[in-house]
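Quick look at final-v2.pdb (PDB, C-alpha atoms):
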ATOM      1  CA  MET A 979     111.218  99.879  69.737
ATOM      2  CA  LYS A 980     108.688  98.619  72.281
ATOM      3  CA  TRP A 981     106.869 101.188  74.396
ATOM      4  CA  SER A 982     106.366 101.145  78.164
ATOM      5  CA  LEU A 983     104.313 103.168  80.670
ATOM      6  CA  ALA A 984     104.340 103.309  84.474
ATOM      7  CA  ILE A 985     102.218 105.430  86.791
ATOM      8  CA  HIS A 986     101.765 106.102  90.489
ATOM      9  CA  GLY A 987      98.955 107.541  92.584
ATOM     10  CA  GLY A 988     100.944 108.452  95.679
ATOM     11  CA  ALA A 989     102.775 106.711  98.520
ATOM     12  CA  GLY A 990     101.982 106.417 102.225
ATOM     13  CA  ILE A 991     100.842 104.028 104.918
ATOM     14  CA  ILE A 992      98.444 101.787 103.022
ATOM     15  CA  GLU A 993      97.413  98.689 104.973
ATOM     16  CA  ARG A 994      95.046  95.959 103.851
ATOM     17  CA  GLU A 995      93.060  95.964 107.080
ATOM     18  CA  ASP A 996      92.270  99.655 106.635
ATOM     19  CA  MET A 997      91.202  99.326 103.003
ATOM     20  CA  SER A 998      87.652  98.234 102.193
ATOM     21  CA  PRO A 999      87.222  96.034  99.102
ATOM     22  CA  LYS A1000      85.133  98.784  97.513
ATOM     23  CA  ARG A1001      87.821 101.407  98.100
ATOM     24  CA  GLU A1002      90.591  99.146  96.841
ATOM     25  CA  THR A1003      88.614  98.495  93.666
ATOM     26  CA  GLU A1004      88.185 102.245  93.173
ATOM     27  CA  TYR A1005      91.927 102.810  93.427
ATOM     28  CA  ARG A1006      92.819  99.938  91.125
ATOM     29  CA  ASN A1007      90.219 101.002  88.558
ATOM     30  CA  GLY A1008      91.520 104.559  88.734
ATOM     31  CA  LEU A1009      95.025 103.332  87.981
ATOM     32  CA  LEU A1010      93.774 101.108  85.163
ATOM     33  CA  ASP A1011      91.879 104.024  83.620
ATOM     34  CA  ALA A1012      95.045 106.120  83.566
ATOM     35  CA  LEU A1013      97.080 103.256  82.116
ATOM     36  CA  SER A1014      94.467 102.661  79.424
ATOM     37  CA  VAL A1015      94.557 106.282  78.288
ATOM     38  CA  GLY A1016      98.338 106.260  77.978
ATOM     39  CA  GLU A1017      98.376 102.822  76.389
ATOM     40  CA  LYS A1018      96.056 103.951  73.591
ATOM     41  CA  ILE A1019      98.458 106.744  72.703
ATOM     42  CA  LEU A1020     101.648 104.689  72.839
ATOM     43  CA  SER A1021     100.210 101.638  71.049
ATOM     44  CA  LYS A1022      99.322 103.841  68.069
ATOM     45  CA  GLY A1023     102.826 105.263  67.823
ATOM     46  CA  GLY A1024     102.087 108.385  69.871
ATOM     47  CA  THR A1025     104.694 110.238  71.879
ATOM     48  CA  SER A1026     105.733 109.551  75.443
ATOM     49  CA  LEU A1027     105.036 113.221  76.198
ATOM     50  CA  ASN A1028     101.410 112.902  75.108
ATOM     51  CA  ALA A1029     101.062 109.659  77.044
ATOM     52  CA  VAL A1030     102.325 110.958  80.387
ATOM     53  CA  GLU A1031     100.238 114.120  80.127
ATOM     54  CA  ALA A1032      97.088 112.152  79.296
ATOM     55  CA  SER A1033      97.642 109.597  82.057
ATOM     56  CA  VAL A1034      98.247 112.290  84.657
ATOM     57  CA  ARG A1035      95.220 114.284  83.473
ATOM     58  CA  THR A1036      93.113 111.174  84.046
ATOM     59  CA  LEU A1037      94.451 110.873  87.587
ATOM     60  CA  GLU A1038      93.897 114.604  88.169
ATOM     61  CA  ASP A1039      90.247 114.187  87.170
ATOM     62  CA  ASN A1040      89.711 111.297  89.590
ATOM     63  CA  PRO A1041      88.713 112.594  93.054
ATOM     64  CA  ILE A1042      90.306 109.709  94.965
ATOM     65  CA  PHE A1043      93.837 110.852  94.080
ATOM     66  CA  ASN A1044      95.562 113.886  95.601
ATOM     67  CA  ALA A1045      95.936 115.987  92.464
ATOM     68  CA  GLY A1046      93.550 118.202  90.538
ATOM     69  CA  ARG A1047      89.956 117.345  91.490
ATOM     70  CA  GLY A1048      90.950 115.332  94.569
ATOM     71  CA  ALA A1049      93.538 117.741  95.969
ATOM     72  CA  VAL A1050      93.866 118.190  99.731
ATOM     73  CA  PHE A1051      93.236 121.471 101.560
ATOM     74  CA  THR A1052      95.793 123.964 102.834
ATOM     75  CA  GLU A1053      95.710 125.277 106.398
ATOM     76  CA  LYS A1054      93.309 128.009 105.209
ATOM     77  CA  LYS A1055      90.963 125.512 103.523
ATOM     78  CA  THR A1056      92.090 126.535 100.048
ATOM     79  CA  ILE A1057      93.524 124.525  97.180
ATOM     80  CA  GLU A1058      97.037 125.063  95.775
ATOM     81  CA  LEU A1059      98.177 122.775  92.976
ATOM     82  CA  ASP A1060     101.663 121.946  91.668
ATOM     83  CA  ALA A1061     102.729 120.051  88.538
ATOM     84  CA  ALA A1062     105.652 119.483  86.195
ATOM     85  CA  ILE A1063     106.355 117.768  82.896
ATOM     86  CA  MET A1064     109.623 117.048  81.085
ATOM     87  CA  ASP A1065     110.425 115.878  77.564
ATOM     88  CA  GLY A1066     113.485 113.639  77.488
ATOM     89  CA  LYS A1067     113.966 114.191  73.759
ATOM     90  CA  THR A1068     114.426 117.968  73.958
ATOM     91  CA  ALA A1069     115.324 118.350  77.655
ATOM     92  CA  LYS A1070     112.590 120.989  77.819
ATOM     93  CA  ALA A1071     110.334 121.204  80.855
ATOM     94  CA  GLY A1072     107.407 123.143  82.272
ATOM     95  CA  ALA A1073     106.268 123.553  85.861
ATOM     96  CA  VAL A1074     103.590 125.305  87.900
ATOM     97  CA  ALA A1075     103.032 125.852  91.601
ATOM     98  CA  THR A1076     100.216 127.098  93.845
ATOM     99  CA  VAL A1077      97.673 127.387  91.039
ATOM    100  CA  THR A1078      94.045 127.616  92.120
ATOM    101  CA  ARG A1079      91.778 127.852  89.085
ATOM    102  CA  THR A1080      93.237 125.553  86.433
ATOM    103  CA  LYS A1081      91.396 122.230  86.116
ATOM    104  CA  ASN A1082      94.430 120.280  84.897
ATOM    105  CA  PRO A1083      97.731 121.702  86.160
ATOM    106  CA  ILE A1084      99.744 119.169  84.148
ATOM    107  CA  SER A1085      98.417 120.651  80.903
ATOM    108  CA  LEU A1086      99.314 124.121  82.144
ATOM    109  CA  ALA A1087     102.856 122.921  82.821
ATOM    110  CA  ARG A1088     103.047 121.613  79.265
ATOM    111  CA  ALA A1089     101.675 124.870  77.846
ATOM    112  CA  ILE A1090     104.388 126.796  79.678
ATOM    113  CA  MET A1091     106.997 124.433  78.229
ATOM    114  CA  GLU A1092     105.737 124.685  74.656
ATOM    115  CA  GLN A1093     104.164 128.128  74.398
ATOM    116  CA  SER A1094     106.537 130.376  76.328
ATOM    117  CA  ASN A1095     110.219 130.944  76.939
ATOM    118  CA  ARG A1096     109.713 130.286  80.650
ATOM    119  CA  LEU A1097     109.942 127.072  82.624
ATOM    120  CA  PHE A1098     108.284 127.692  85.998
ATOM    121  CA  LEU A1099     105.291 129.905  86.855
ATOM    122  CA  ALA A1100     103.471 130.147  90.182
ATOM    123  CA  GLY A1101     100.306 131.517  91.723
ATOM    124  CA  GLU A1102      98.169 134.133  90.041
ATOM    125  CA  GLY A1103     100.620 134.561  87.183
ATOM    126  CA  ALA A1104     100.387 130.865  86.348
ATOM    127  CA  ASP A1105      96.587 130.918  86.428
ATOM    128  CA  ASP A1106      96.551 134.058  84.265
ATOM    129  CA  PHE A1107      98.825 132.317  81.750
ATOM    130  CA  SER A1108      96.398 129.404  81.787
ATOM    131  CA  ILE A1109      93.451 131.658  80.980
ATOM    132  CA  ALA A1110      95.368 133.456  78.235
ATOM    133  CA  HIS A1111      96.176 130.143  76.560
ATOM    134  CA  GLY A1112      92.637 128.781  76.678
ATOM    135  CA  LEU A1113      93.009 126.075  79.308
ATOM    136  CA  GLU A1114      89.907 125.036  81.220
ATOM    137  CA  GLN A1115      89.209 127.008  84.403
ATOM    138  CA  VAL A1116      87.045 125.941  87.344
ATOM    139  CA  GLN A1117      85.561 127.538  90.441
ATOM    140  CA  PRO A1118      87.082 126.674  93.849
ATOM    141  CA  HIS A1119      84.165 124.416  94.800
ATOM    142  CA  TYR A1120      85.137 122.033  91.978
ATOM    143  CA  PHE A1121      87.978 120.818  94.206
ATOM    144  CA  HIS A1122      85.870 120.508  97.385
ATOM    145  CA  THR A1123      85.258 116.776  97.743
ATOM    146  CA  GLU A1124      83.647 115.160 100.779
ATOM    147  CA  LEU A1125      86.725 113.013 101.404
ATOM    148  CA  ARG A1126      89.127 115.958 101.518
ATOM    149  CA  LEU A1127      86.749 118.091 103.575
ATOM    150  CA  ALA A1128      86.533 115.313 106.174
ATOM    151  CA  GLN A1129      90.317 114.978 106.220
ATOM    152  CA  TYR A1130      90.714 118.709 106.640
ATOM    153  CA  GLU A1131      88.348 118.726 109.626
ATOM    154  CA  LYS A1132      90.342 115.910 111.244
ATOM    155  CA  TRP A1133      93.537 117.841 110.643
ATOM    156  CA  ARG A1134      92.031 121.009 112.113
ATOM    157  CA  ALA A1135      90.934 119.041 115.170
ATOM    158  CA  LYS A1136      94.549 117.849 115.486
ATOM    159  CA  GLN A1137      93.566 114.269 114.779
ATOM    160  CA  ILE A1138      96.352 113.680 112.279
ATOM    161  CA  ASP A1139      97.157 110.353 113.913
ATOM    162  CA  LYS A1140      93.708 109.162 112.827
ATOM    163  CA  LEU A1141      94.376 110.086 109.212
ATOM    164  CA  ASN A1142      95.895 107.552 106.854
ATOM    165  CA  LYS A1143      99.215 109.066 105.791
ATOM    166  CA  SER A1144      98.429 108.348 102.161
ATOM    167  CA  HIS A1145      95.573 110.835 102.621
ATOM    168  CA  ILE A1146      97.712 113.485 104.335
ATOM    169  CA  MET A1147     100.107 113.570 101.420
ATOM    170  CA  GLY A1148     100.024 112.142  97.938
ATOM    171  CA  THR A1149     100.929 112.798  94.351
ATOM    172  CA  VAL A1150     100.275 111.300  90.932
ATOM    173  CA  GLY A1151     102.793 110.747  88.182
ATOM    174  CA  ALA A1152     103.722 108.920  85.000
ATOM    175  CA  VAL A1153     106.855 107.949  83.088
ATOM    176  CA  ALA A1154     106.910 106.544  79.569
ATOM    177  CA  LEU A1155     109.072 105.333  76.707
ATOM    178  CA  ASP A1156     107.608 105.558  73.204
ATOM    179  CA  CYS A1157     108.320 103.572  70.040
ATOM    180  CA  ASP A1158     110.929 106.124  68.965
ATOM    181  CA  GLY A1159     112.893 105.645  72.181
ATOM    182  CA  ASN A1160     111.912 108.968  73.730
ATOM    183  CA  LEU A1161     111.345 109.255  77.471
ATOM    184  CA  ALA A1162     109.012 111.641  79.310
ATOM    185  CA  ALA A1163     107.866 112.244  82.879
ATOM    186  CA  ALA A1164     104.949 114.091  84.468
ATOM    187  CA  THR A1165     103.927 114.688  88.088
ATOM    188  CA  SER A1166     101.007 116.517  89.739
ATOM    189  CA  THR A1167      99.938 117.073  93.353
ATOM    190  CA  GLY A1168      97.724 118.908  95.794
ATOM    191  CA  GLY A1169     100.493 118.828  98.402
ATOM    192  CA  THR A1170      99.892 117.842 102.016
ATOM    193  CA  THR A1171      96.774 118.229 104.156
ATOM    194  CA  GLY A1172      96.944 121.444 106.180
ATOM    195  CA  LYS A1173     100.089 122.662 104.459
ATOM    196  CA  ILE A1174     101.082 126.285 104.977
ATOM    197  CA  CYS A1175      99.885 128.423 102.086
ATOM    198  CA  GLY A1176     102.628 128.909  99.533
ATOM    199  CA  ARG A1177     104.416 125.686 100.433
ATOM    200  CA  ILE A1178     105.979 124.020  97.381
ATOM    201  CA  GLY A1179     107.268 120.468  97.474
ATOM    202  CA  ASP A1180     109.388 118.459  95.061
ATOM    203  CA  THR A1181     106.715 117.831  92.414
ATOM    204  CA  PRO A1182     107.325 120.962  90.272
ATOM    205  CA  ILE A1183     111.074 121.031  90.900
ATOM    206  CA  ILE A1184     112.824 119.623  87.839
ATOM    207  CA  GLY A1185     115.516 117.245  89.059
ATOM    208  CA  ALA A1186     113.867 116.727  92.437
ATOM    209  CA  GLY A1187     110.386 115.322  91.847
ATOM    210  CA  THR A1188     110.331 115.074  88.062
ATOM    211  CA  THR A1189     112.911 114.521  85.327
ATOM    212  CA  ALA A1190     113.397 112.818  81.958
ATOM    213  CA  ILE A1191     116.636 112.432  80.011
ATOM    214  CA  ASN A1192     116.700 110.429  76.785
ATOM    215  CA  GLY A1193     119.049 107.486  76.877
ATOM    216  CA  ILE A1194     119.099 107.463  80.680
ATOM    217  CA  ALA A1195     115.833 107.590  82.647
ATOM    218  CA  ALA A1196     112.506 109.235  83.419
ATOM    219  CA  VAL A1197     111.493 109.664  87.066
ATOM    220  CA  SER A1198     108.416 110.795  89.032
ATOM    221  CA  CYS A1199     108.439 110.993  92.840
ATOM    222  CA  THR A1200     105.912 111.039  95.682
ATOM    223  CA  GLY A1201     106.349 111.597  99.402
ATOM    224  CA  THR A1202     107.665 114.217 101.802
ATOM    225  CA  GLY A1203     108.839 116.660  99.169
ATOM    226  CA  GLU A1204     111.364 118.601 101.197
ATOM    227  CA  TYR A1205     113.562 115.508 101.485
ATOM    228  CA  PHE A1206     113.332 114.694  97.786
ATOM    229  CA  ILE A1207     114.449 118.257  97.049
ATOM    230  CA  ARG A1208     117.404 117.953  99.417
ATOM    231  CA  GLU A1209     118.525 114.774  97.683
ATOM    232  CA  SER A1210     117.793 116.008  94.118
ATOM    233  CA  ALA A1211     116.134 112.618  93.929
ATOM    234  CA  ALA A1212     115.020 112.406  90.302
ATOM    235  CA  ARG A1213     118.256 113.772  88.853
ATOM    236  CA  GLN A1214     120.348 111.696  91.234
ATOM    237  CA  ILE A1215     118.879 108.514  89.793
ATOM    238  CA  CYS A1216     119.888 109.638  86.307
ATOM    239  CA  ASP A1217     123.378 110.551  87.483
ATOM    240  CA  ARG A1218     123.846 107.206  89.197
ATOM    241  CA  ILE A1219     122.955 105.433  85.962
ATOM    242  CA  LYS A1220     125.104 107.675  83.768
ATOM    243  CA  TRP A1221     128.187 108.078  85.932
ATOM    244  CA  ASN A1222     128.156 105.074  88.294
ATOM    245  CA  GLY A1223     126.942 102.514  85.781
ATOM    246  CA  GLN A1224     124.067 101.430  88.023
ATOM    247  CA  ASN A1225     120.921  99.857  86.626
ATOM    248  CA  ILE A1226     117.524 101.455  87.135
ATOM    249  CA  HIS A1227     116.652  99.242  90.100
ATOM    250  CA  SER A1228     119.801  99.767  92.144
ATOM    251  CA  ALA A1229     119.822 103.507  91.421
ATOM    252  CA  ALA A1230     116.196 103.905  92.501
ATOM    253  CA  TYR A1231     116.749 101.826  95.618
ATOM    254  CA  ASP A1232     119.866 103.745  96.672
ATOM    255  CA  VAL A1233     118.111 107.082  96.272
ATOM    256  CA  ILE A1234     114.993 106.092  98.218
ATOM    257  CA  MET A1235     117.259 104.683 100.942
ATOM    258  CA  ALA A1236     119.205 107.956 101.080
ATOM    259  CA  ILE A1237     115.947 109.863 101.484
ATOM    260  CA  GLY A1238     114.969 107.568 104.347
ATOM    261  CA  GLU A1239     118.306 108.093 106.054
ATOM    262  CA  ILE A1240     117.675 111.839 106.369
ATOM    263  CA  GLY A1241     114.123 111.338 107.634
ATOM    264  CA  GLY A1242     112.035 111.392 104.461
ATOM    265  CA  ASP A1243     109.503 108.852 103.288
ATOM    266  CA  GLY A1244     107.680 108.118 100.080
ATOM    267  CA  GLY A1245     108.309 106.402  96.785
ATOM    268  CA  LEU A1246     109.145 106.897  93.142
ATOM    269  CA  ILE A1247     108.787 105.352  89.715
ATOM    270  CA  ALA A1248     111.725 105.277  87.332
ATOM    271  CA  MET A1249     112.051 103.980  83.770
ATOM    272  CA  ASP A1250     115.268 103.451  81.851
ATOM    273  CA  ALA A1251     116.014 103.757  78.142
ATOM    274  CA  ASN A1252     114.963 100.124  77.584
ATOM    275  CA  GLY A1253     111.568 100.574  79.213
ATOM    276  CA  ASP A1254     112.474  98.658  82.365
ATOM    277  CA  VAL A1255     110.741 100.076  85.442
ATOM    278  CA  ALA A1256     111.660 100.402  89.105
ATOM    279  CA  PHE A1257     109.086 101.130  91.796
ATOM    280  CA  ALA A1258     111.065 102.190  94.876
ATOM    281  CA  ILE A1259     109.271 102.649  98.205
ATOM    282  CA  ASN A1260     110.474 103.329 101.744
ATOM    283  CA  ASP A1261     106.940 103.637 103.106
ATOM    284  CA  MET A1262     104.120 101.151 103.625
ATOM    285  CA  GLY A1263     102.709 101.241 100.128
ATOM    286  CA  MET A1264     102.257 103.120  96.872
ATOM    287  CA  TYR A1265      99.436 103.096  94.344
ATOM    288  CA  ARG A1266     101.188 102.057  91.142
ATOM    289  CA  GLY A1267     100.684 100.454  87.772
ATOM    290  CA  TRP A1268     102.496  99.387  84.628
ATOM    291  CA  VAL A1269     101.699  98.420  81.057
ATOM    292  CA  ALA A1270     103.983  97.726  78.114
ATOM    293  CA  ASP A1271     103.937  96.674  74.483
ATOM    294  CA  GLY A1272     102.528  93.139  74.437
ATOM    295  CA  ARG A1273     101.908  93.103  78.193
ATOM    296  CA  ALA A1274      98.598  93.508  80.012
ATOM    297  CA  ALA A1275      98.127  96.366  82.464
ATOM    298  CA  GLN A1276      98.848  95.547  86.109
ATOM    299  CA  THR A1277      98.347  97.450  89.351
ATOM    300  CA  SER A1278      99.762  97.222  92.865
ATOM    301  CA  ILE A1279      99.070  98.953  96.153
ATOM    302  CA  TYR A1280     100.726  97.190  99.056
ATOM    303  CA  PRO A1281     104.475  96.753  99.615
ATOM    304  CA  ASP A1282     104.352  92.998  99.043
ATOM    305  CA  ASP A1283     102.358  93.249  95.811
ATOM    306  CA  VAL A1284     104.355  92.033  92.842
ATOM    307  CA  LEU A1285     104.018  93.347  89.305
ATOM    308  CA  LYS A1286     104.671  90.271  87.215
ATOM    309  CA  SER A1287     106.556  90.800  83.989
ATOM    310  CA  GLU A1288     107.462  88.533  81.131
ATOM    311  CA  GLY A1289     110.616  89.527  79.314
ATOM    312  CA  ARG A1290     110.547  93.114  80.579
ATOM    313  CA  GLU A1291     111.304  94.233  84.091
ATOM    314  CA  ALA A1292     108.749  96.137  86.130
ATOM    315  CA  ARG A1293     109.257  95.419  89.784
ATOM    316  CA  THR A1294     109.324  96.958  93.213
ATOM    317  CA  THR A1295     112.773  97.379  94.713
ATOM    318  CA  LYS A1296     113.652  95.977  98.126
ATOM    319  CA  GLU A1297     111.591  97.650 100.834
ATOM    320  CA  MET A1298     112.933  99.356 103.941
ATOM    321  CA  HIS A1299     110.014  98.058 106.014
TER     322      HIS A1299
END

Please rewrite the model in this file as structure tokens.
Amino acid sequence: MKWSLAIHGGAGIIEREDMSPKRETEYRNGLLDALSVGEKILSKGGTSLNAVEASVRTLEDNPIFNAGRGAVFTEKKTIELDAAIMDGKTAKAGAVATVTRTKNPISLARAIMEQSNRLFLAGEGADDFSIAHGLEQVQPHYFHTELRLAQYEKWRAKQIDKLNKSHIMGTVGAVALDCDGNLAAATSTGGTTGKICGRIGDTPIIGAGTTAINGIAAVSCTGTGEYFIRESAARQICDRIKWNGQNIHSAAYDVIMAIGEIGGDGGLIAMDANGDVAFAINDMGMYRGWVADGRAAQTSIYPDDVLKSEGREARTTKEMH
């Protein structure tokens, strides 16, 4: 079976006139780096689970994305990280929320899935589990980037309208199909700029921001998490495919439309059991990329960007804007 990998680096208002060529290149290179890491695993017969974890780790380590190293600040100028991973083959999952010391929350989520009988840990207990299982720890200043500090100061000065919404919120994620037909999904985030401490969005909620079910779909979401939780967005896509007979594109589009109808915005990536990919957006852009067996890696940012595919579908669904 041919493998496929799709990633995202968050959705928001992303307009060409506000993006310098240098910054756009940084984003596209960051996406390509994450695709390359996952591609190396899948092209050698590796698992979809390993691929999504590795791709998301790469995005977590890149300070331009809102996850791991590049996470945004809470209202108290602290960092609280959320992540989740799910294995479509076993239906097992792991999730973490409000962790503060773990360098790569996605690897902590996987450790919880594989090395405990728990699914979801939060706060100090999650960080303690991370230490006990030998995952890399960092000091708080590791997450303090100039970009996020500047955004925090604008937020504190109540200048949110001057902040690009893709900087206020943001998430990274990956979905993959391996050569054995197994699906997996992974998502990681720093949340939203100035969020109340303890706030948890959809990212670590299995069925809301992250899900993977073999034979059906793998999904990773980004946006205003409360609305994705209310719609059970990730699981709803799977249910629409399984019970309504929808394809991946119509299911993804209907769900992102439903989120928009109740006031939410954002985007998602979804992959079906054949490796076809839907990028659904109801906002003004989403950092995204795709690579597949025999196909070169491609990236997109703006709503009208098209991911060209030859023989395999990887396209953006109809936009609301």

Check what the PyMOL selection byres ((chain A and resi 1156-1164) around 9) selects in the file above and give those residues as a PDB file with C-alpha atoms, in the frame of the given file.
ATOM      1  CA  MET A 979     111.218  99.879  69.737  1.00  0.00           C
ATOM      2  CA  LYS A 980     108.688  98.619  72.281  1.00  0.00           C
ATOM      3  CA  TRP A 981     106.869 101.188  74.396  1.00  0.00           C
ATOM      4  CA  SER A 982     106.366 101.145  78.164  1.00  0.00           C
ATOM      5  CA  LEU A 983     104.313 103.168  80.670  1.00  0.00           C
ATOM      6  CA  LEU A1020     101.648 104.689  72.839  1.00  0.00           C
ATOM      7  CA  SER A1021     100.210 101.638  71.049  1.00  0.00           C
ATOM      8  CA  GLY A1023     102.826 105.263  67.823  1.00  0.00           C
ATOM      9  CA  GLY A1024     102.087 108.385  69.871  1.00  0.00           C
ATOM     10  CA  THR A1025     104.694 110.238  71.879  1.00  0.00           C
ATOM     11  CA  SER A1026     105.733 109.551  75.443  1.00  0.00           C
ATOM     12  CA  LEU A1027     105.036 113.221  76.198  1.00  0.00           C
ATOM     13  CA  ASN A1028     101.410 112.902  75.108  1.00  0.00           C
ATOM     14  CA  ALA A1029     101.062 109.659  77.044  1.00  0.00           C
ATOM     15  CA  VAL A1030     102.325 110.958  80.387  1.00  0.00           C
ATOM     16  CA  GLU A1031     100.238 114.120  80.127  1.00  0.00           C
ATOM     17  CA  SER A1033      97.642 109.597  82.057  1.00  0.00           C
ATOM     18  CA  VAL A1034      98.247 112.290  84.657  1.00  0.00           C
ATOM     19  CA  ALA A1061     102.729 120.051  88.538  1.00  0.00           C
ATOM     20  CA  ALA A1062     105.652 119.483  86.195  1.00  0.00           C
ATOM     21  CA  ILE A1063     106.355 117.768  82.896  1.00  0.00           C
ATOM     22  CA  MET A1064     109.623 117.048  81.085  1.00  0.00           C
ATOM     23  CA  ASP A1065     110.425 115.878  77.564  1.00  0.00           C
ATOM     24  CA  GLY A1066     113.485 113.639  77.488  1.00  0.00           C
ATOM     25  CA  LYS A1067     113.966 114.191  73.759  1.00  0.00           C
ATOM     26  CA  ILE A1084      99.744 119.169  84.148  1.00  0.00           C
ATOM     27  CA  VAL A1150     100.275 111.300  90.932  1.00  0.00           C
ATOM     28  CA  GLY A1151     102.793 110.747  88.182  1.00  0.00           C
ATOM     29  CA  ALA A1152     103.722 108.920  85.000  1.00  0.00           C
ATOM     30  CA  VAL A1153     106.855 107.949  83.088  1.00  0.00           C
ATOM     31  CA  ALA A1154     106.910 106.544  79.569  1.00  0.00           C
ATOM     32  CA  LEU A1155     109.072 105.333  76.707  1.00  0.00           C
ATOM     33  CA  THR A1165     103.927 114.688  88.088  1.00  0.00           C
ATOM     34  CA  SER A1166     101.007 116.517  89.739  1.00  0.00           C
ATOM     35  CA  THR A1181     106.715 117.831  92.414  1.00  0.00           C
ATOM     36  CA  THR A1188     110.331 115.074  88.062  1.00  0.00           C
ATOM     37  CA  THR A1189     112.911 114.521  85.327  1.00  0.00           C
ATOM     38  CA  ALA A1190     113.397 112.818  81.958  1.00  0.00           C
ATOM     39  CA  ILE A1191     116.636 112.432  80.011  1.00  0.00           C
ATOM     40  CA  ASN A1192     116.700 110.429  76.785  1.00  0.00           C
ATOM     41  CA  GLY A1193     119.049 107.486  76.877  1.00  0.00           C
ATOM     42  CA  ILE A1194     119.099 107.463  80.680  1.00  0.00           C
ATOM     43  CA  ALA A1195     115.833 107.590  82.647  1.00  0.00           C
ATOM     44  CA  ALA A1196     112.506 109.235  83.419  1.00  0.00           C
ATOM     45  CA  VAL A1197     111.493 109.664  87.066  1.00  0.00           C
ATOM     46  CA  SER A1198     108.416 110.795  89.032  1.00  0.00           C
ATOM     47  CA  MET A1249     112.051 103.980  83.770  1.00  0.00           C
ATOM     48  CA  ASP A1250     115.268 103.451  81.851  1.00  0.00           C
ATOM     49  CA  ALA A1251     116.014 103.757  78.142  1.00  0.00           C
ATOM     50  CA  ASN A1252     114.963 100.124  77.584  1.00  0.00           C
ATOM     51  CA  GLY A1253     111.568 100.574  79.213  1.00  0.00           C
TER      52      GLY A1253
END

Could you write out as a ChimeraX atom specification the residues that the PyMOL selection byres ((chain A and resi 1043-1054) around 6) matches in the shown file? /A:1038-1039,1041-1042,1055-1057,1121,1126,1148-1149,1166-1168,1171-1174

Quick one: residues within 12 Å of A:Ile1090, all atoms listed in the file, excluding same-chain residues fewer than 6 positions away - as a ChimeraX atom specification? /A:1061-1064,1070-1074,1083-1084,1096-1100,1103-1108,1110-1111,1113

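If you look at atom CA of A:Ile1184 and atom CA of A:Ala989, they are 19.5 Å away from each other.
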
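For the set A:Gly1242, A:Gly990, A:Gly1016, A:Pro999, the residue with the smallest atom-to-atom gap to A:Trp1268 is A:Gly1016, counting all atoms listed in the file.
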
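You can rank A:Glu1102, A:Tyr1130, A:Lys1220, A:Ala1069 by their closest distance to A:Gly1185 using all atoms listed in the file, and at the top of that list sits A:Ala1069.
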
Give as a ChimeraX atom specification the set of residues within 6 Å of the point (99.9, 98.7, 102.7), where distances use the file's coordinates and all atoms listed in the file. /A:991-994,1262-1263,1280-1281

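The space between atom CA of A:Gly987 and atom CA of A:Tyr1265 spans 4.8 Å.
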
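If you look at atom CA of A:Asp1180 and atom CA of A:Asp1060, they are 9.1 Å away from each other.
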
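If you measure from each of A:Gly1272, A:Gly1203, A:Gly1267, A:Gly1223 to A:Pro1182 using only C-alpha atoms, the closest one turns out to be A:Gly1203.
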
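Applied to this file, the PyMOL selection byres ((chain A and resi 1009) around 8) selects the residues Ile985, His986, Gly987, Tyr1005, Arg1006, Asn1007, Gly1008, Leu1010, Asp1011, Ala1012, Leu1013, Leu1037, Tyr1265, Arg1266, Gly1267 and Thr1277 of chain A.
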
Find the residues around stretch 1238-1241 of chain A up to 10 Å (all atoms listed in the file counted), leave out those fewer than 5 positions away in its own chain, and share them as an MDAnalysis selection string. chainID A and resid 1202 1205:1206 1208:1209 1232:1233 1259:1261 1298
